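Here's input.txt, which has compact mmCIF, C-alpha atoms (C1' of nucleotides):
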```txt
# COMPACT_ATOMS: atom_id res chain seq x y z
CA MET A 93 8.84 -19.88 7.95
CA ILE A 94 11.14 -17.19 6.63
CA LYS A 95 13.39 -14.83 8.50
CA LEU A 96 14.28 -11.58 6.75
CA ASN A 97 15.98 -8.68 8.49
CA GLY A 98 14.30 -8.72 11.89
CA ASN A 99 10.97 -10.12 10.78
CA THR A 100 9.50 -13.56 10.34
CA TYR A 101 6.98 -14.49 7.66
CA GLN A 102 4.72 -17.48 7.30
CA PHE A 103 4.56 -17.13 3.54
CA SER A 104 7.06 -15.47 1.28
CA ALA A 105 4.37 -13.40 -0.39
CA GLU A 106 3.98 -11.53 2.87
CA ILE A 107 7.39 -10.03 2.16
CA PHE A 108 5.95 -8.38 -0.95
CA PHE A 109 2.80 -7.20 0.80
CA GLU A 110 4.79 -5.56 3.56
CA MET A 111 7.30 -4.12 1.13
CA PHE A 112 4.64 -2.43 -0.95
CA ASP A 113 2.13 -1.45 1.71
CA ASP A 114 2.47 2.22 0.81
CA ARG A 115 1.27 4.36 -2.07
CA LEU A 116 4.56 5.05 -3.77
CA LYS A 117 7.19 2.32 -3.85
CA LEU A 118 5.58 0.06 -6.45
CA MET A 119 4.70 3.10 -8.56
CA ILE A 120 8.37 4.09 -8.56
CA ILE A 121 9.32 0.58 -9.66
CA TRP A 122 6.76 0.91 -12.43
CA TYR A 123 8.22 4.20 -13.66
CA LEU A 124 11.74 2.79 -13.54
CA SER A 125 10.71 -0.36 -15.40
CA ASN A 126 11.01 1.66 -18.62
CA GLY A 127 14.58 2.71 -17.91
CA SER A 128 16.56 4.80 -15.47
CA MET A 129 15.34 8.20 -14.37
CA ARG A 130 16.68 11.22 -12.56
CA PHE A 131 15.37 12.50 -9.24
CA LYS A 132 13.66 15.51 -10.77
CA GLU A 133 12.08 13.43 -13.50
CA LEU A 134 10.55 11.00 -11.02
CA SER A 135 9.37 13.92 -8.94
CA LYS A 136 7.60 15.39 -11.96
CA TYR A 137 5.74 12.17 -12.68
CA LEU A 138 4.80 11.55 -9.04
CA GLN A 139 3.46 15.05 -8.46
CA PRO A 140 2.38 16.05 -5.91
CA ILE A 141 5.30 14.68 -3.95
CA THR A 142 7.88 16.44 -1.81
CA ASN A 143 11.62 16.01 -2.11
CA LYS A 144 11.64 14.57 1.36
CA THR A 145 9.14 11.85 0.59
CA LEU A 146 10.69 10.91 -2.73
CA SER A 147 14.15 10.86 -1.24
CA SER A 148 12.96 8.65 1.59
CA LYS A 149 11.21 6.18 -0.73
CA LEU A 150 14.22 5.92 -3.01
CA LYS A 151 16.42 5.20 -0.02
CA GLN A 152 14.07 2.48 1.13
CA LEU A 153 14.01 0.86 -2.30
CA GLU A 154 17.79 0.94 -2.38
CA GLU A 155 17.98 -0.74 1.03
CA LEU A 156 15.63 -3.41 -0.26
CA HIS A 157 18.05 -4.00 -3.16
CA LEU A 158 15.41 -3.11 -5.72
CA ILE A 159 17.01 -0.02 -7.23
CA GLU A 160 20.52 1.35 -7.69
CA ARG A 161 21.69 4.91 -7.35
CA GLU A 162 24.38 6.37 -9.57
CA VAL A 163 25.87 9.79 -8.95
CA PHE A 164 27.55 11.71 -11.76
CA ALA A 165 30.17 14.27 -10.75
CA GLU A 166 28.68 17.13 -12.72
CA VAL A 167 27.46 20.65 -12.07
CA PRO A 168 24.57 20.75 -11.55
CA PRO A 169 24.61 17.32 -9.93
CA ARG A 170 22.99 14.42 -11.71
CA VAL A 171 21.73 11.28 -10.00
CA GLU A 172 20.18 8.40 -11.89
CA TYR A 173 18.01 5.67 -10.42
CA THR A 174 17.86 2.28 -12.10
CA LEU A 175 16.21 -1.03 -11.29
CA SER A 176 18.59 -3.55 -9.77
CA PRO A 177 18.46 -7.17 -10.97
CA HIS A 178 15.91 -7.97 -8.26
CA GLY A 179 13.97 -4.89 -9.23
CA GLN A 180 13.90 -5.97 -12.83
CA GLN A 181 12.52 -9.32 -11.79
CA LEU A 182 9.42 -7.42 -10.73
CA LYS A 183 8.70 -6.75 -14.39
CA PRO A 184 6.30 -9.72 -14.74
CA VAL A 185 4.37 -8.46 -11.75
CA ILE A 186 4.19 -4.99 -13.29
CA ASP A 187 3.11 -6.43 -16.62
CA GLU A 188 0.25 -8.32 -15.04
CA VAL A 189 -0.74 -5.24 -13.08
CA VAL A 190 -0.88 -3.21 -16.29
CA ALA A 191 -2.86 -5.88 -18.11
CA TRP A 192 -5.36 -6.24 -15.30
CA SER A 193 -5.75 -2.49 -14.93
CA GLN A 194 -6.46 -1.98 -18.60
CA HIS A 195 -9.14 -4.63 -18.47
CA TYR A 196 -10.61 -3.17 -15.31
CA ALA A 197 -10.61 0.31 -16.81
CA LYS A 198 -12.34 -1.01 -19.91
CA THR A 199 -15.12 -2.40 -17.74
CA PHE A 200 -15.65 0.34 -15.20
CA GLY A 201 -13.96 3.48 -16.51
CA GLN A 202 -14.41 5.88 -19.37
CA THR A 203 -11.51 6.52 -21.69
CA ILE A 204 -11.04 10.15 -22.74
CA ASN A 205 -8.54 10.43 -25.60
CA GLU A 206 -5.98 7.65 -25.77
CA GLU A 207 -3.77 6.23 -23.07
CA MET B 119 -6.93 9.53 -19.92
CA ILE B 120 -9.33 7.45 -17.88
CA LYS B 121 -12.22 8.53 -15.72
CA LEU B 122 -13.27 6.17 -12.94
CA ASN B 123 -15.67 7.15 -10.19
CA GLY B 124 -14.65 10.73 -9.48
CA ASN B 125 -11.00 10.39 -10.40
CA THR B 126 -8.97 10.73 -13.56
CA TYR B 127 -5.91 8.67 -14.36
CA GLN B 128 -3.17 9.16 -16.91
CA PHE B 129 -2.39 5.46 -17.03
CA SER B 130 -4.67 2.61 -16.17
CA ALA B 131 -2.07 1.06 -13.87
CA GLU B 132 -2.58 4.00 -11.53
CA ILE B 133 -5.99 2.52 -10.78
CA PHE B 134 -4.29 -0.52 -9.32
CA PHE B 135 -1.74 1.48 -7.37
CA GLU B 136 -4.42 3.60 -5.79
CA MET B 137 -6.66 0.60 -5.15
CA PHE B 138 -3.95 -1.28 -3.29
CA ASP B 139 -2.13 1.54 -1.54
CA ASP B 140 -2.89 0.04 1.87
CA ARG B 141 -1.55 -2.92 3.79
CA LEU B 142 -4.53 -5.21 3.64
CA LYS B 143 -6.65 -5.27 0.49
CA LEU B 144 -4.25 -7.17 -1.76
CA MET B 145 -3.49 -9.58 1.08
CA ILE B 146 -7.18 -10.33 1.39
CA ILE B 147 -7.38 -10.98 -2.35
CA TRP B 148 -4.42 -13.31 -1.93
CA TYR B 149 -6.13 -15.29 0.84
CA LEU B 150 -9.36 -15.51 -1.14
CA SER B 151 -7.54 -16.65 -4.27
CA ASN B 152 -7.53 -20.15 -2.79
CA GLY B 153 -11.29 -20.21 -2.31
CA SER B 154 -13.97 -18.49 -0.32
CA MET B 155 -13.51 -17.77 3.35
CA ARG B 156 -15.60 -16.70 6.28
CA PHE B 157 -15.17 -13.49 8.22
CA LYS B 158 -13.68 -15.17 11.24
CA GLU B 159 -11.32 -17.24 9.15
CA LEU B 160 -9.93 -14.18 7.40
CA SER B 161 -9.62 -12.45 10.73
CA LYS B 162 -7.58 -15.33 12.08
CA TYR B 163 -5.13 -15.22 9.19
CA LEU B 164 -4.79 -11.44 9.25
CA GLN B 165 -4.13 -11.23 12.98
CA PRO B 166 -3.70 -8.72 14.47
CA ILE B 167 -6.70 -7.07 12.87
CA THR B 168 -9.87 -5.69 14.40
CA ASN B 169 -13.39 -6.50 13.27
CA LYS B 170 -13.83 -2.88 12.32
CA THR B 171 -10.85 -2.81 10.02
CA LEU B 172 -11.59 -6.13 8.37
CA SER B 173 -15.21 -5.23 7.89
CA SER B 174 -14.23 -1.92 6.34
CA LYS B 175 -11.72 -3.49 3.95
CA LEU B 176 -14.16 -6.16 2.83
CA LYS B 177 -16.74 -3.48 2.13
CA GLN B 178 -14.24 -1.55 0.05
CA LEU B 179 -13.32 -4.62 -1.96
CA GLU B 180 -16.98 -5.30 -2.58
CA GLU B 181 -17.53 -1.74 -3.80
CA LEU B 182 -14.59 -2.19 -6.15
CA HIS B 183 -16.32 -5.30 -7.53
CA LEU B 184 -13.44 -7.53 -6.52
CA ILE B 185 -15.20 -9.75 -4.00
CA GLU B 186 -18.71 -10.99 -3.37
CA ARG B 187 -20.46 -11.40 -0.06
CA GLU B 188 -22.89 -14.22 0.59
CA VAL B 189 -25.00 -14.42 3.72
CA PHE B 190 -26.37 -17.71 4.94
CA ALA B 191 -29.48 -17.55 7.10
CA GLU B 192 -28.13 -19.68 9.90
CA VAL B 193 -27.64 -19.42 13.62
CA PRO B 194 -24.95 -18.45 14.32
CA PRO B 195 -24.75 -16.34 11.16
CA ARG B 196 -22.37 -17.38 8.39
CA VAL B 197 -20.99 -15.02 5.80
CA GLU B 198 -18.70 -16.14 3.01
CA TYR B 199 -16.46 -13.94 0.94
CA THR B 200 -15.47 -15.00 -2.56
CA LEU B 201 -13.51 -13.42 -5.39
CA SER B 202 -15.72 -11.91 -8.06
CA PRO B 203 -14.80 -12.47 -11.74
CA HIS B 204 -12.70 -9.29 -11.69
CA GLY B 205 -11.12 -10.42 -8.46
CA GLN B 206 -10.24 -13.76 -9.98
CA GLN B 207 -8.57 -11.99 -12.86
CA LEU B 208 -6.05 -10.76 -10.30
CA LYS B 209 -4.79 -14.34 -10.02
CA PRO B 210 -1.93 -13.82 -12.53
CA VAL B 211 -0.80 -10.80 -10.54
CA ILE B 212 -0.88 -12.83 -7.34
CA ASP B 213 0.98 -15.70 -8.99
CA GLU B 214 3.79 -13.41 -10.10
CA VAL B 215 3.91 -11.83 -6.66
CA VAL B 216 4.30 -15.26 -5.09
CA ALA B 217 6.98 -16.31 -7.57
CA TRP B 218 8.94 -13.11 -7.09
CA SER B 219 8.67 -13.29 -3.32
CA GLN B 220 9.94 -16.85 -3.20
CA HIS B 221 12.95 -15.89 -5.27
CA TYR B 222 13.57 -12.81 -3.15
CA ALA B 223 13.29 -14.83 0.03
CA LYS B 224 15.75 -17.37 -1.34
CA THR B 225 18.28 -14.60 -1.91
CA PHE B 226 17.89 -12.48 1.19
CA GLY B 227 16.00 -14.52 3.77
CA GLN B 228 16.59 -17.62 5.82
CA THR B 229 14.09 -20.43 5.64
CA ILE B 230 13.23 -22.09 8.93
CA ASN B 231 11.29 -25.33 8.37
CA GLU B 232 9.22 -25.47 5.21
CA GLU B 233 6.83 -22.95 3.78
C1' DC C 605 -20.47 -15.31 14.39
C1' DT C 606 -20.50 -10.98 12.11
C1' DG C 607 -20.46 -7.02 12.55
C1' DT C 608 -20.73 -1.43 14.54
C1' DA C 609 -19.14 2.59 17.57
C1' DT C 610 -15.55 5.26 19.97
C1' DC C 611 -11.16 6.46 20.88
C1' DC C 612 -6.53 7.14 19.80
C1' DA C 613 -1.48 6.04 18.55
C1' DA C 614 1.38 5.72 14.72
C1' DC C 615 2.52 6.49 10.30
C1' DT C 616 2.45 8.54 5.67
C1' DC C 617 3.03 12.17 3.12
C1' DG C 618 2.56 17.21 1.66
C1' DA C 619 3.91 22.40 2.53
C1' DT C 620 7.47 25.22 3.23
C1' DA C 621 12.10 26.63 3.83
C1' DC C 622 16.87 25.88 3.37
C1' DT C 623 21.72 23.56 1.87
C1' DG C 624 25.79 21.75 -0.93
C1' DC D 1420 19.83 19.59 -9.33
C1' DA D 1421 19.40 16.72 -5.45
C1' DG D 1422 18.67 16.55 -1.45
C1' DT D 1423 17.69 17.69 4.25
C1' DA D 1424 14.92 19.90 8.25
C1' DT D 1425 10.77 21.08 10.47
C1' DC D 1426 5.93 21.16 10.90
C1' DG D 1427 1.50 19.50 10.68
C1' DA D 1428 -2.85 17.50 8.41
C1' DG D 1429 -4.94 13.36 7.21
C1' DT D 1430 -5.40 8.49 7.16
C1' DT D 1431 -4.77 3.81 8.55
C1' DG D 1432 -5.59 0.59 11.57
C1' DG D 1433 -5.41 -1.43 16.51
C1' DA D 1434 -7.80 -1.61 21.43
C1' DT D 1435 -11.86 -1.92 23.58
C1' DA D 1436 -16.70 -2.28 24.19
C1' DC D 1437 -21.14 -3.43 22.52
C1' DA D 1438 -25.13 -5.20 19.23
C1' DG D 1439 -28.05 -8.28 16.12
```

Structure re-expressed in structure tokens:
Amino acid sequence: MIKLNGNTYQFSAEIFFEMFDDRLKLMIIWYLSNGSMRFKELSKYLQPITNKTLSSKLKQLEELHLIEREVFAEVPPRVEYTLSPHGQQLKPVIDEVVAWSQHYAKTFGQTINEE
Amino acid sequence: MIKLNGNTYQFSAEIFFEMFDDRLKLMIIWYLSNGSMRFKELSKYLQPITNKTLSSKLKQLEELHLIEREVFAEVPPRVEYTLSPHGQQLKPVIDEVVAWSQHYAKTFGQTINEE
DNA sequence: CTGTATCCAACTCGATACTG
DNA sequence: CAGTATCGAGTTGGATACAG
């Protein structure tokens, strides 16, 4: 049995399932797995998404120690989001997700142009 | 670009993210990755969950071709759920999820007894 | 045992407007 | 640019009751 924050888990995997029980957080990790990105850039890729939602999700990921936030003292302001070490360790998960999805798409989907 | 059912996706991974944007479907896959289970058995592990919700999720997973449903003509009725071939191909994803979670739990959680 | 039918609380997330 | 504030629609999923 595992205690984490206030919660208890029978199996450690339940931590992951609870962590990524929404539509956006793992997608954000996926986008950041190719390098750091700015707020606006992420917003563009996750469209439609509101500033409020994106801001909230990024804050959650930071509290989970999966991403890091760096503020540059510029005008206009620049903020970069990067995977933390624990976030980077999700890369094998992401890789398997991508591999599985490509295979699934090959079976059930139709490819228009290239990916 | 990929067309699947009615939707279009830029990247195949988006299929996965949309497929598992809820709290339960990937957890069910995880439970079934150790072998087939009955309705009641799944319900017990996923507590608290209602029959309606579980039934709905299992139907969705079947429509996605990830699990298979087998009915035995017995009294009382017995229904077994098993991963389909495409569901079994999610095993590497699950394995990486488990590995990552154990590492994460070791860093941030406290283990009471054994897992 | 394996569901289905209603009802509803809670949550997620988008639309819009505004701030430093 | 990078947020925050308010509002509200839609969805998820639990509680309860009932059926084959």

Could you please give me, as an mmCIF file with C-alpha atoms (C1' of nucleotides), keeping the file's coordinate frame, the residues of protein, DNA or RNA lying at most 12 Å from (16.2, 16.2, -10.1) in the coordinate frame of the file, considering only C-alpha atoms (C1' of nucleotides)?
```
data_model
loop_
_atom_site.group_PDB
_atom_site.id
_atom_site.type_symbol
_atom_site.label_atom_id
_atom_site.label_comp_id
_atom_site.auth_asym_id
_atom_site.auth_seq_id
_atom_site.Cartn_x
_atom_site.Cartn_y
_atom_site.Cartn_z
ATOM 1 C CA MET A 129 15.340 8.200 -14.370
ATOM 2 C CA ARG A 130 16.680 11.220 -12.560
ATOM 3 C CA PHE A 131 15.370 12.500 -9.240
ATOM 4 C CA LYS A 132 13.660 15.510 -10.770
ATOM 5 C CA GLU A 133 12.080 13.430 -13.500
ATOM 6 C CA LEU A 134 10.550 11.000 -11.020
ATOM 7 C CA SER A 135 9.370 13.920 -8.940
ATOM 8 C CA LYS A 136 7.600 15.390 -11.960
ATOM 9 C CA TYR A 137 5.740 12.170 -12.680
ATOM 10 C CA THR A 142 7.880 16.440 -1.810
ATOM 11 C CA ASN A 143 11.620 16.010 -2.110
ATOM 12 C CA LEU A 146 10.690 10.910 -2.730
ATOM 13 C CA SER A 147 14.150 10.860 -1.240
ATOM 14 C CA VAL A 163 25.870 9.790 -8.950
ATOM 15 C CA PRO A 168 24.570 20.750 -11.550
ATOM 16 C CA PRO A 169 24.610 17.320 -9.930
ATOM 17 C CA ARG A 170 22.990 14.420 -11.710
ATOM 18 C CA VAL A 171 21.730 11.280 -10.000
ATOM 19 C CA GLU A 172 20.180 8.400 -11.890
ATOM 20 C CA TYR A 173 18.010 5.670 -10.420
ATOM 21 C "C1'" DC D 1420 19.830 19.590 -9.330
ATOM 22 C "C1'" DA D 1421 19.400 16.720 -5.450
ATOM 23 C "C1'" DG D 1422 18.670 16.550 -1.450
#
```

TODO: Give me, as a VMD selection string, the contact residues of chain B against chain D at a cut-off of 8 Å, counting all atoms listed in the file.
DONE: chain B and resid 140 166 to 168 171

Considering all atoms listed in the file, return as a CSV table (one decimal) with C-alpha atoms, in the coordinates of the input whatever protein or nucleic-acid residues lie within 10 Å of A:Leu118, sequence-local ones (same chain, fewer than 5 positions apart) excluded.
```
chain,number,residue,atom,x,y,z
A,111,MET,CA,7.3,-4.1,1.1
A,112,PHE,CA,4.6,-2.4,-1.0
A,113,ASP,CA,2.1,-1.4,1.7
A,123,TYR,CA,8.2,4.2,-13.7
A,124,LEU,CA,11.7,2.8,-13.5
A,153,LEU,CA,14.0,0.9,-2.3
A,182,LEU,CA,9.4,-7.4,-10.7
A,186,ILE,CA,4.2,-5.0,-13.3
B,135,PHE,CA,-1.7,1.5,-7.4
B,139,ASP,CA,-2.1,1.5,-1.5
```

- [ ] Return the neighbours of chain B among the residues of chain A, cut-off 8 Å, counting all atoms listed in the file, as JSON, numbers by chain.
- [x] {"A": [93, 94, 95, 96, 97, 102, 103, 104, 105, 106, 107, 108, 109, 110, 112, 113, 114, 115, 116, 118, 119, 178, 181, 182, 184, 185, 188, 189, 190, 192, 193, 194, 196, 197, 200, 201, 202, 203, 204, 205, 206, 207]}

Keeping only C-alpha atoms, write the selected residues to a file as an mmCIF file, keeping the file's coordinate frame.
```cif
data_model
loop_
_atom_site.group_PDB
_atom_site.id
_atom_site.type_symbol
_atom_site.label_atom_id
_atom_site.label_comp_id
_atom_site.auth_asym_id
_atom_site.auth_seq_id
_atom_site.Cartn_x
_atom_site.Cartn_y
_atom_site.Cartn_z
ATOM 1 C CA MET A 93 8.840 -19.880 7.950
ATOM 2 C CA ILE A 94 11.140 -17.190 6.630
ATOM 3 C CA LYS A 95 13.390 -14.830 8.500
ATOM 4 C CA LEU A 96 14.280 -11.580 6.750
ATOM 5 C CA ASN A 97 15.980 -8.680 8.490
ATOM 6 C CA GLN A 102 4.720 -17.480 7.300
ATOM 7 C CA PHE A 103 4.560 -17.130 3.540
ATOM 8 C CA SER A 104 7.060 -15.470 1.280
ATOM 9 C CA ALA A 105 4.370 -13.400 -0.390
ATOM 10 C CA GLU A 106 3.980 -11.530 2.870
ATOM 11 C CA ILE A 107 7.390 -10.030 2.160
ATOM 12 C CA PHE A 108 5.950 -8.380 -0.950
ATOM 13 C CA PHE A 109 2.800 -7.200 0.800
ATOM 14 C CA GLU A 110 4.790 -5.560 3.560
ATOM 15 C CA PHE A 112 4.640 -2.430 -0.950
ATOM 16 C CA ASP A 113 2.130 -1.450 1.710
ATOM 17 C CA ASP A 114 2.470 2.220 0.810
ATOM 18 C CA ARG A 115 1.270 4.360 -2.070
ATOM 19 C CA LEU A 116 4.560 5.050 -3.770
ATOM 20 C CA LEU A 118 5.580 0.060 -6.450
ATOM 21 C CA MET A 119 4.700 3.100 -8.560
ATOM 22 C CA HIS A 178 15.910 -7.970 -8.260
ATOM 23 C CA GLN A 181 12.520 -9.320 -11.790
ATOM 24 C CA LEU A 182 9.420 -7.420 -10.730
ATOM 25 C CA PRO A 184 6.300 -9.720 -14.740
ATOM 26 C CA VAL A 185 4.370 -8.460 -11.750
ATOM 27 C CA GLU A 188 0.250 -8.320 -15.040
ATOM 28 C CA VAL A 189 -0.740 -5.240 -13.080
ATOM 29 C CA VAL A 190 -0.880 -3.210 -16.290
ATOM 30 C CA TRP A 192 -5.360 -6.240 -15.300
ATOM 31 C CA SER A 193 -5.750 -2.490 -14.930
ATOM 32 C CA GLN A 194 -6.460 -1.980 -18.600
ATOM 33 C CA TYR A 196 -10.610 -3.170 -15.310
ATOM 34 C CA ALA A 197 -10.610 0.310 -16.810
ATOM 35 C CA PHE A 200 -15.650 0.340 -15.200
ATOM 36 C CA GLY A 201 -13.960 3.480 -16.510
ATOM 37 C CA GLN A 202 -14.410 5.880 -19.370
ATOM 38 C CA THR A 203 -11.510 6.520 -21.690
ATOM 39 C CA ILE A 204 -11.040 10.150 -22.740
ATOM 40 C CA ASN A 205 -8.540 10.430 -25.600
ATOM 41 C CA GLU A 206 -5.980 7.650 -25.770
ATOM 42 C CA GLU A 207 -3.770 6.230 -23.070
#
```

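Proximity to chain A at a cut-off of 10 Å picks out DT616, DC617, DG618 and DA619 of chain C on chain C, counting all atoms listed in the file.
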
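Our summary of the geometry notes that atom CA of B:Arg187 is positioned 24.7 Å from atom CA of B:Gly124.
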
Task: atom CA of A:Ser128 to atom CA of A:Val167, distance in Å rounded to a single decimal - done: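 Calculated distance between atom CA of A:Ser128 and atom CA of A:Val167 is 19.5 Å.
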
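The spacing separating atom CA of A:Leu175 from atom CA of A:Leu158 amounts to 6.0 Å.
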
As AutoDock Vina command-line options, what would the box around stretch 605-621 of chain C look like: edges along x, y and z, 3 Å added on every side, centre and edge lengths in Å to one decimal?
```
--center_x -4.3 --center_y 5.7 --center_z 11.3 --size_x 38.8 --size_y 47.9 --size_z 25.2
```

Please output stretch 148-162 of chain B, rebuilt to include N, CA, C and O atoms, as a tab-separated table (two decimals), keeping the file's coordinate frame.
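The file below, rebuild25.tsv, is the result:
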```tsv
chain	number	residue	atom	x	y	z
B	148	TRP	N	-5.34	-12.17	-1.90
B	148	TRP	CA	-4.42	-13.31	-1.93
B	148	TRP	C	-5.01	-14.49	-1.14
B	148	TRP	O	-5.03	-15.63	-1.62
B	149	TYR	N	-5.53	-14.23	0.05
B	149	TYR	CA	-6.13	-15.29	0.84
B	149	TYR	C	-7.35	-15.89	0.13
B	149	TYR	O	-7.55	-17.09	0.14
B	150	LEU	N	-8.15	-15.03	-0.48
B	150	LEU	CA	-9.36	-15.51	-1.14
B	150	LEU	C	-9.07	-16.20	-2.48
B	150	LEU	O	-9.95	-16.86	-3.03
B	151	SER	N	-7.85	-16.05	-2.97
B	151	SER	CA	-7.54	-16.65	-4.27
B	151	SER	C	-7.49	-18.18	-4.18
B	151	SER	O	-7.45	-18.87	-5.19
B	152	ASN	N	-7.49	-18.70	-2.97
B	152	ASN	CA	-7.53	-20.15	-2.79
B	152	ASN	C	-8.93	-20.66	-2.49
B	152	ASN	O	-9.11	-21.82	-2.13
B	153	GLY	N	-9.92	-19.79	-2.61
B	153	GLY	CA	-11.29	-20.21	-2.31
B	153	GLY	C	-11.94	-19.26	-1.34
B	153	GLY	O	-11.29	-18.41	-0.73
B	154	SER	N	-13.24	-19.42	-1.17
B	154	SER	CA	-13.97	-18.49	-0.32
B	154	SER	C	-13.63	-18.71	1.15
B	154	SER	O	-13.20	-19.79	1.55
B	155	MET	N	-13.79	-17.68	1.93
B	155	MET	CA	-13.51	-17.77	3.35
B	155	MET	C	-14.56	-16.99	4.14
B	155	MET	O	-15.16	-16.05	3.63
B	156	ARG	N	-14.70	-17.39	5.39
B	156	ARG	CA	-15.60	-16.70	6.28
B	156	ARG	C	-14.89	-15.53	6.95
B	156	ARG	O	-13.66	-15.47	6.99
B	157	PHE	N	-15.70	-14.66	7.54
B	157	PHE	CA	-15.17	-13.49	8.22
B	157	PHE	C	-14.14	-13.87	9.29
B	157	PHE	O	-13.01	-13.37	9.30
B	158	LYS	N	-14.53	-14.76	10.13
B	158	LYS	CA	-13.68	-15.17	11.24
B	158	LYS	C	-12.37	-15.78	10.76
B	158	LYS	O	-11.31	-15.55	11.35
B	159	GLU	N	-12.48	-16.55	9.70
B	159	GLU	CA	-11.32	-17.24	9.15
B	159	GLU	C	-10.30	-16.22	8.63
B	159	GLU	O	-9.11	-16.30	8.94
B	160	LEU	N	-10.80	-15.25	7.87
B	160	LEU	CA	-9.93	-14.18	7.40
B	160	LEU	C	-9.29	-13.45	8.57
B	160	LEU	O	-8.09	-13.17	8.57
B	161	SER	N	-10.11	-13.17	9.55
B	161	SER	CA	-9.62	-12.45	10.73
B	161	SER	C	-8.47	-13.20	11.38
B	161	SER	O	-7.46	-12.61	11.78
B	162	LYS	N	-8.61	-14.50	11.45
B	162	LYS	CA	-7.58	-15.33	12.08
B	162	LYS	C	-6.25	-15.22	11.31
B	162	LYS	O	-5.19	-15.02	11.91
```
